[in-house]
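Visitor: Before anything else, here's the structure in question.
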Amino acid sequence: MHWLGGIRFFEAAARHQSFMRAADELHLTHGAVSRQIRQLEEALGVTLFERRNRAVFLTEAGHILHAAATQSLDVLGAAAQRIRAHGQPRALVLSCEPTIAMRWLIPRLPRFTESHPEVTLHLMAAGGPVDFARSGVDLALRRNDFHVGPELHAHEVAEEWVGVVCRAGASAGASSHRLHTRSRPDAWQRWAKAAGGAQRFGADAWYEHFYLTIQAAAAGLGCAIASRLMVADELADGRIAAPRGFVRDGSCYQLLSPVAFEHDARRRAVRDWLCQEAQASLGADPAQVAASPHPVRGAKGAAKRGGRKDGK
């Protein structure tokens, strides 16, 4: 039954009705997910998806397998919850968007451990909506670019400040390549709108993930749009420059929880520490920030995303 390994790829693709969105959730390439599903189809001897013009649709066999996979995952999730309940106190699992996790959160986690030795925190890299019941996640740090239901508690950690970044000493103008990411394809347009108009750059280059564009910019391959939080350390030590400063783009990072923060001291500790660290990072070098007199609140602002608001 070697084909069982492909079930998680199939379940994600069936749930999203998209190989690309499944790849984003699993932090793999579209090709990797497609290969896994093709191998599963070959092992079972049936076609699970109809592929039409980059869209995929479940076949009759696909619907049958998806129903069974969903039921099995629910059973496994419930069993995991029961097992974890016997091991109290257990670690808190914090799900965090990969680029923020790698470039900002992980370097600061030793400070959390030092200040809160009573809280064991496990980090999981993931983005987008989170199913707390099935994933085993306790908290999720997310940018508010998707709907949050009223059953969740949301606390704003920091506003999103974005700007053009490049290698220190490099030019950021018409001769520079403009580096794009498929995980935020509208990043340059959002920055241009918030900054008050587009500016001329050179040819376009595309990368699969946000952190790759920042790495490419730091290597001198062009200019990227970056969150100020993501480049806070590089700005501080001079490895990266933001010659045009940063502007609010109307979004924010928020901490999501299925349990009210006031009902759990450990969740409150994580929330308060994240807010403290975020504000310290955003205020570390005010000269780098092109401040506007008022926050920019677009249609995707935290107050309009749903969810219960705790604190801010």
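How things are named: the first chain in the structure tokens is A, the next is B, and so on; residues count from 1 in each chain; ligands count from 1 in the order shown.
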Quick one: residues within 12 Å of Lys193 of chain A, only C-alpha atoms counted, chain neighbours fewer than 3 positions away excluded, as a PDB file with all heavy atoms, in the first residue's frame?
Guide:
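Wrote around-v4.pdb, looks like this:
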```pdb
ATOM      1  N   VAL A 162       5.460  48.095   3.549  1.00  0.00           N
ATOM      2  CA  VAL A 162       6.176  47.518   2.422  1.00  0.00           C
ATOM      3  C   VAL A 162       7.004  48.579   1.716  1.00  0.00           C
ATOM      4  O   VAL A 162       6.673  49.778   1.765  1.00  0.00           O
ATOM      5  CB  VAL A 162       5.210  46.856   1.409  1.00  0.00           C
ATOM      6  CG1 VAL A 162       4.491  45.668   2.033  1.00  0.00           C
ATOM      7  CG2 VAL A 162       4.208  47.872   0.878  1.00  0.00           C
ATOM      8  N   GLY A 163       8.068  48.144   1.069  1.00  0.00           N
ATOM      9  CA  GLY A 163       8.913  49.073   0.333  1.00  0.00           C
ATOM     10  C   GLY A 163       9.826  48.342  -0.624  1.00  0.00           C
ATOM     11  O   GLY A 163       9.948  47.109  -0.592  1.00  0.00           O
ATOM     12  N   ASP A 186       0.578  40.577  -6.671  1.00  0.00           N
ATOM     13  CA  ASP A 186       0.170  41.989  -6.776  1.00  0.00           C
ATOM     14  C   ASP A 186       0.990  42.910  -5.882  1.00  0.00           C
ATOM     15  O   ASP A 186       0.604  44.056  -5.641  1.00  0.00           O
ATOM     16  CB  ASP A 186      -1.316  42.125  -6.423  1.00  0.00           C
ATOM     17  CG  ASP A 186      -1.616  41.716  -4.981  1.00  0.00           C
ATOM     18  OD1 ASP A 186      -0.762  41.029  -4.367  1.00  0.00           O
ATOM     19  OD2 ASP A 186      -2.687  42.072  -4.474  1.00  0.00           O
ATOM     20  N   ALA A 187       2.122  42.423  -5.383  1.00  0.00           N
ATOM     21  CA  ALA A 187       2.900  43.203  -4.409  1.00  0.00           C
ATOM     22  C   ALA A 187       3.354  44.542  -4.971  1.00  0.00           C
ATOM     23  O   ALA A 187       3.272  45.577  -4.300  1.00  0.00           O
ATOM     24  CB  ALA A 187       4.112  42.390  -3.939  1.00  0.00           C
ATOM     25  N   TRP A 188       3.832  44.559  -6.215  1.00  0.00           N
ATOM     26  CA  TRP A 188       4.305  45.820  -6.793  1.00  0.00           C
ATOM     27  C   TRP A 188       3.147  46.790  -7.017  1.00  0.00           C
ATOM     28  O   TRP A 188       3.292  47.995  -6.780  1.00  0.00           O
ATOM     29  CB  TRP A 188       5.030  45.544  -8.115  1.00  0.00           C
ATOM     30  CG  TRP A 188       6.444  45.095  -7.917  1.00  0.00           C
ATOM     31  CD1 TRP A 188       6.899  43.814  -7.849  1.00  0.00           C
ATOM     32  CD2 TRP A 188       7.591  45.937  -7.755  1.00  0.00           C
ATOM     33  NE1 TRP A 188       8.254  43.794  -7.648  1.00  0.00           N
ATOM     34  CE2 TRP A 188       8.718  45.087  -7.600  1.00  0.00           C
ATOM     35  CE3 TRP A 188       7.791  47.311  -7.740  1.00  0.00           C
ATOM     36  CZ2 TRP A 188      10.011  45.570  -7.418  1.00  0.00           C
ATOM     37  CZ3 TRP A 188       9.081  47.804  -7.568  1.00  0.00           C
ATOM     38  CH2 TRP A 188      10.163  46.945  -7.408  1.00  0.00           C
ATOM     39  N   GLN A 189       2.006  46.266  -7.457  1.00  0.00           N
ATOM     40  CA  GLN A 189       0.851  47.143  -7.672  1.00  0.00           C
ATOM     41  C   GLN A 189       0.356  47.744  -6.358  1.00  0.00           C
ATOM     42  O   GLN A 189       0.004  48.930  -6.293  1.00  0.00           O
ATOM     43  CB  GLN A 189      -0.282  46.360  -8.360  1.00  0.00           C
ATOM     44  CG  GLN A 189      -0.012  46.008  -9.813  1.00  0.00           C
ATOM     45  CD  GLN A 189       0.831  44.729  -9.955  1.00  0.00           C
ATOM     46  OE1 GLN A 189       1.318  44.170  -8.963  1.00  0.00           O
ATOM     47  NE2 GLN A 189       1.008  44.294 -11.197  1.00  0.00           N
ATOM     48  N   ARG A 190       0.323  46.922  -5.305  1.00  0.00           N
ATOM     49  CA  ARG A 190      -0.121  47.428  -4.001  1.00  0.00           C
ATOM     50  C   ARG A 190       0.850  48.490  -3.475  1.00  0.00           C
ATOM     51  O   ARG A 190       0.446  49.499  -2.898  1.00  0.00           O
ATOM     52  CB  ARG A 190      -0.246  46.274  -2.997  1.00  0.00           C
ATOM     53  CG  ARG A 190      -1.428  45.352  -3.269  1.00  0.00           C
ATOM     54  CD  ARG A 190      -1.447  44.192  -2.283  1.00  0.00           C
ATOM     55  NE  ARG A 190      -1.662  44.664  -0.924  1.00  0.00           N
ATOM     56  CZ  ARG A 190      -2.853  44.825  -0.374  1.00  0.00           C
ATOM     57  NH1 ARG A 190      -3.949  44.579  -1.079  1.00  0.00           N
ATOM     58  NH2 ARG A 190      -2.975  45.238   0.866  1.00  0.00           N
ATOM     59  N   GLY A 196       1.824  56.117  -3.910  1.00  0.00           N
ATOM     60  CA  GLY A 196       1.370  57.280  -4.658  1.00  0.00           C
ATOM     61  C   GLY A 196       1.767  57.300  -6.109  1.00  0.00           C
ATOM     62  O   GLY A 196       1.922  58.361  -6.702  1.00  0.00           O
ATOM     63  N   GLY A 197       1.940  56.115  -6.705  1.00  0.00           N
ATOM     64  CA  GLY A 197       2.237  56.072  -8.134  1.00  0.00           C
ATOM     65  C   GLY A 197       3.394  55.160  -8.462  1.00  0.00           C
ATOM     66  O   GLY A 197       4.335  55.022  -7.683  1.00  0.00           O
ATOM     67  N   ALA A 198       3.314  54.524  -9.641  1.00  0.00           N
ATOM     68  CA  ALA A 198       4.364  53.598 -10.074  1.00  0.00           C
ATOM     69  C   ALA A 198       5.623  54.366 -10.478  1.00  0.00           C
ATOM     70  O   ALA A 198       5.565  55.528 -10.875  1.00  0.00           O
ATOM     71  CB  ALA A 198       3.860  52.761 -11.243  1.00  0.00           C
ATOM     72  N   GLN A 199       6.767  53.710 -10.368  1.00  0.00           N
ATOM     73  CA  GLN A 199       8.036  54.284 -10.796  1.00  0.00           C
ATOM     74  C   GLN A 199       8.711  53.311 -11.752  1.00  0.00           C
ATOM     75  O   GLN A 199       8.429  52.124 -11.733  1.00  0.00           O
ATOM     76  CB  GLN A 199       8.920  54.574  -9.575  1.00  0.00           C
ATOM     77  CG  GLN A 199       8.242  55.554  -8.616  1.00  0.00           C
ATOM     78  CD  GLN A 199       9.111  55.858  -7.414  1.00  0.00           C
ATOM     79  OE1 GLN A 199      10.308  56.011  -7.550  1.00  0.00           O
ATOM     80  NE2 GLN A 199       8.503  55.942  -6.250  1.00  0.00           N
ATOM     81  N   VAL A 247       5.919  52.141   3.215  1.00  0.00           N
ATOM     82  CA  VAL A 247       4.580  52.721   3.377  1.00  0.00           C
ATOM     83  C   VAL A 247       3.632  51.624   3.852  1.00  0.00           C
ATOM     84  O   VAL A 247       3.841  50.437   3.582  1.00  0.00           O
ATOM     85  CB  VAL A 247       4.053  53.326   2.060  1.00  0.00           C
ATOM     86  CG1 VAL A 247       4.860  54.551   1.656  1.00  0.00           C
ATOM     87  CG2 VAL A 247       4.048  52.284   0.943  1.00  0.00           C
ATOM     88  N   ARG A 248       2.595  52.015   4.552  1.00  0.00           N
ATOM     89  CA  ARG A 248       1.548  51.068   4.923  1.00  0.00           C
ATOM     90  C   ARG A 248       0.788  50.664   3.662  1.00  0.00           C
ATOM     91  O   ARG A 248       0.452  51.514   2.844  1.00  0.00           O
ATOM     92  CB  ARG A 248       0.578  51.698   5.915  1.00  0.00           C
ATOM     93  CG  ARG A 248       1.179  52.137   7.242  1.00  0.00           C
ATOM     94  CD  ARG A 248       0.085  52.786   8.093  1.00  0.00           C
ATOM     95  NE  ARG A 248       0.558  53.203   9.392  1.00  0.00           N
ATOM     96  CZ  ARG A 248       0.985  54.432   9.676  1.00  0.00           C
ATOM     97  NH1 ARG A 248       1.004  55.357   8.733  1.00  0.00           N
ATOM     98  NH2 ARG A 248       1.394  54.738  10.896  1.00  0.00           N
ATOM     99  N   ASP A 249       0.503  49.365   3.524  1.00  0.00           N
ATOM    100  CA  ASP A 249      -0.235  48.942   2.332  1.00  0.00           C
ATOM    101  C   ASP A 249      -1.695  48.618   2.633  1.00  0.00           C
ATOM    102  O   ASP A 249      -2.425  48.122   1.773  1.00  0.00           O
ATOM    103  CB  ASP A 249       0.446  47.747   1.659  1.00  0.00           C
ATOM    104  CG  ASP A 249       0.204  46.427   2.380  1.00  0.00           C
ATOM    105  OD1 ASP A 249      -0.289  46.437   3.528  1.00  0.00           O
ATOM    106  OD2 ASP A 249       0.500  45.369   1.782  1.00  0.00           O
ATOM    107  N   GLY A 250      -2.146  48.890   3.868  1.00  0.00           N
ATOM    108  CA  GLY A 250      -3.547  48.677   4.214  1.00  0.00           C
ATOM    109  C   GLY A 250      -3.841  47.335   4.841  1.00  0.00           C
ATOM    110  O   GLY A 250      -4.962  47.097   5.285  1.00  0.00           O
ATOM    111  N   VAL A 296      -3.190  53.661   6.517  1.00  0.00           N
ATOM    112  CA  VAL A 296      -3.957  53.399   5.303  1.00  0.00           C
ATOM    113  C   VAL A 296      -4.818  52.182   5.562  1.00  0.00           C
ATOM    114  O   VAL A 296      -4.316  51.093   5.769  1.00  0.00           O
ATOM    115  CB  VAL A 296      -3.006  53.130   4.113  1.00  0.00           C
ATOM    116  CG1 VAL A 296      -3.815  52.800   2.866  1.00  0.00           C
ATOM    117  CG2 VAL A 296      -2.122  54.344   3.870  1.00  0.00           C
ATOM    118  N   GLY A 298      -7.484  49.909   3.854  1.00  0.00           N
ATOM    119  CA  GLY A 298      -8.207  49.546   2.648  1.00  0.00           C
ATOM    120  C   GLY A 298      -9.327  48.587   2.962  1.00  0.00           C
ATOM    121  O   GLY A 298      -9.660  48.311   4.117  1.00  0.00           O
TER     122      GLY A 298
END
```
Visitor: With only C-alpha atoms as the counted atoms, please give the residues lying no more than 10 Å from Arg8 of chain A, apart from itself and same-chain residues fewer than 2 positions off, as a list in words.
Guide: Leu4, Gly5, Gly6, Phe10, Glu11, Ala12, Ala13, Ala14, Ala22, Leu26, Val33, Gln36, Ile37, Ala69, Thr70 and Leu73 of chain A
Visitor: Can you pull out the residues contacting segment 165-181 of chain A? Cut-off 12 Å, using only C-alpha atoms, and skip same-chain residues under 3 positions away; I want them as an NGL selection string.
Guide: :A and (99 or 162 or 184-189 or 191 or 198-228 or 230-232 or 234-246 or 288)
Visitor: Mind pulling up the distance from atom CA of Ser95 of chain A to atom CA of Ala80 of chain A?
Guide: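 Calculated distance between atom CA of Ala80 of chain A and atom CA of Ser95 of chain A is 17.2 Å.
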Visitor: When distances are computed from only C-alpha atoms, which of A:Ala61, A:Leu141, A:Ala43, A:Val56 shows the smallest separation from Ala125 of chain A?
Guide: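 For Ala125 of chain A, the nearest of the given residues is A:Leu141.
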Visitor: Atom CA of Trp161 of chain A and atom CA of Val270 of chain A are how many Å apart?
Guide: 21.9 Å
Visitor: Please determine, counting only C-alpha atoms, which residue among A:His63, A:Met102, A:Gly136, A:Glu114 has the shortest atom-to-atom distance to Arg90 of chain A.
Guide: A:Gly136
Visitor: Could you work out how far atom CA of Cys96 of chain A lies from atom CA of Ser115 of chain A, giving the answer in Å with one decimal?
Guide: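 Atom CA of Cys96 of chain A lies 20.3 Å from atom CA of Ser115 of chain A.
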Visitor: DSSP on the backbone, then: every residue of segment 93-225 of chain A marked alpha helix (DSSP H), written as a PyMOL selection string.
Guide: chain A and resi 98-100+106-115+132-135+187-195+210-218
Visitor: Contacts of segment 104-112 of chain A at 7 Å or less, counting only C-alpha atoms, minus same-chain residues fewer than 4 places along, as a list in words?
Guide: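 My list of contacting residues is Ile100, His116, Leu229 and Met230 of chain A.
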Visitor: Could you write out the selected residues, including C-alpha atoms, as a PDB file, in the first residue's frame?
Guide:
```pdb
ATOM      1  CA  ILE A 100       7.934  35.824   8.314  1.00  0.00           C
ATOM      2  CA  HIS A 116       8.710  32.575  29.109  1.00  0.00           C
ATOM      3  CA  LEU A 229       9.417  43.016   9.263  1.00  0.00           C
ATOM      4  CA  MET A 230      10.988  40.571   6.793  1.00  0.00           C
TER       5      MET A 230
END
```
Visitor: From a backbone DSSP assignment, name each residue in segment 18-261 of chain A labelled strand (DSSP E), as a PyMOL selection string.
Guide: chain A and resi 49-52+55-58+92-96+121-125+139-143+153-167+178-181+204-207+223-227+240-241+247-257
Visitor: Between A:Tyr253, A:Phe261, A:Phe57, A:Trp273, single out the one closest to Glu160 of chain A, counting only C-alpha atoms.
Guide: A:Tyr253
Visitor: Which residues are close to Asp138 of chain A, i.e. within 8 Å by only C-alpha atoms, leaving aside same-chain residues fewer than 4 positions away? Reply as a short mmCIF file (atom, residue, chain, number, x, y, z; two decimals) with C-alpha atoms, in the first residue's frame.
Guide:
```
data_model
loop_
_atom_site.label_atom_id
_atom_site.label_comp_id
_atom_site.auth_asym_id
_atom_site.auth_seq_id
_atom_site.Cartn_x
_atom_site.Cartn_y
_atom_site.Cartn_z
CA LEU A 92 1.60 25.38 21.95
CA VAL A 93 1.77 25.03 18.17
CA LEU A 94 2.15 28.35 16.36
CA SER A 95 1.55 28.35 12.61
CA PHE A 132 -7.60 24.57 13.85
CA SER A 257 -6.87 31.64 17.99
CA PRO A 258 -9.92 29.39 18.38
#
```
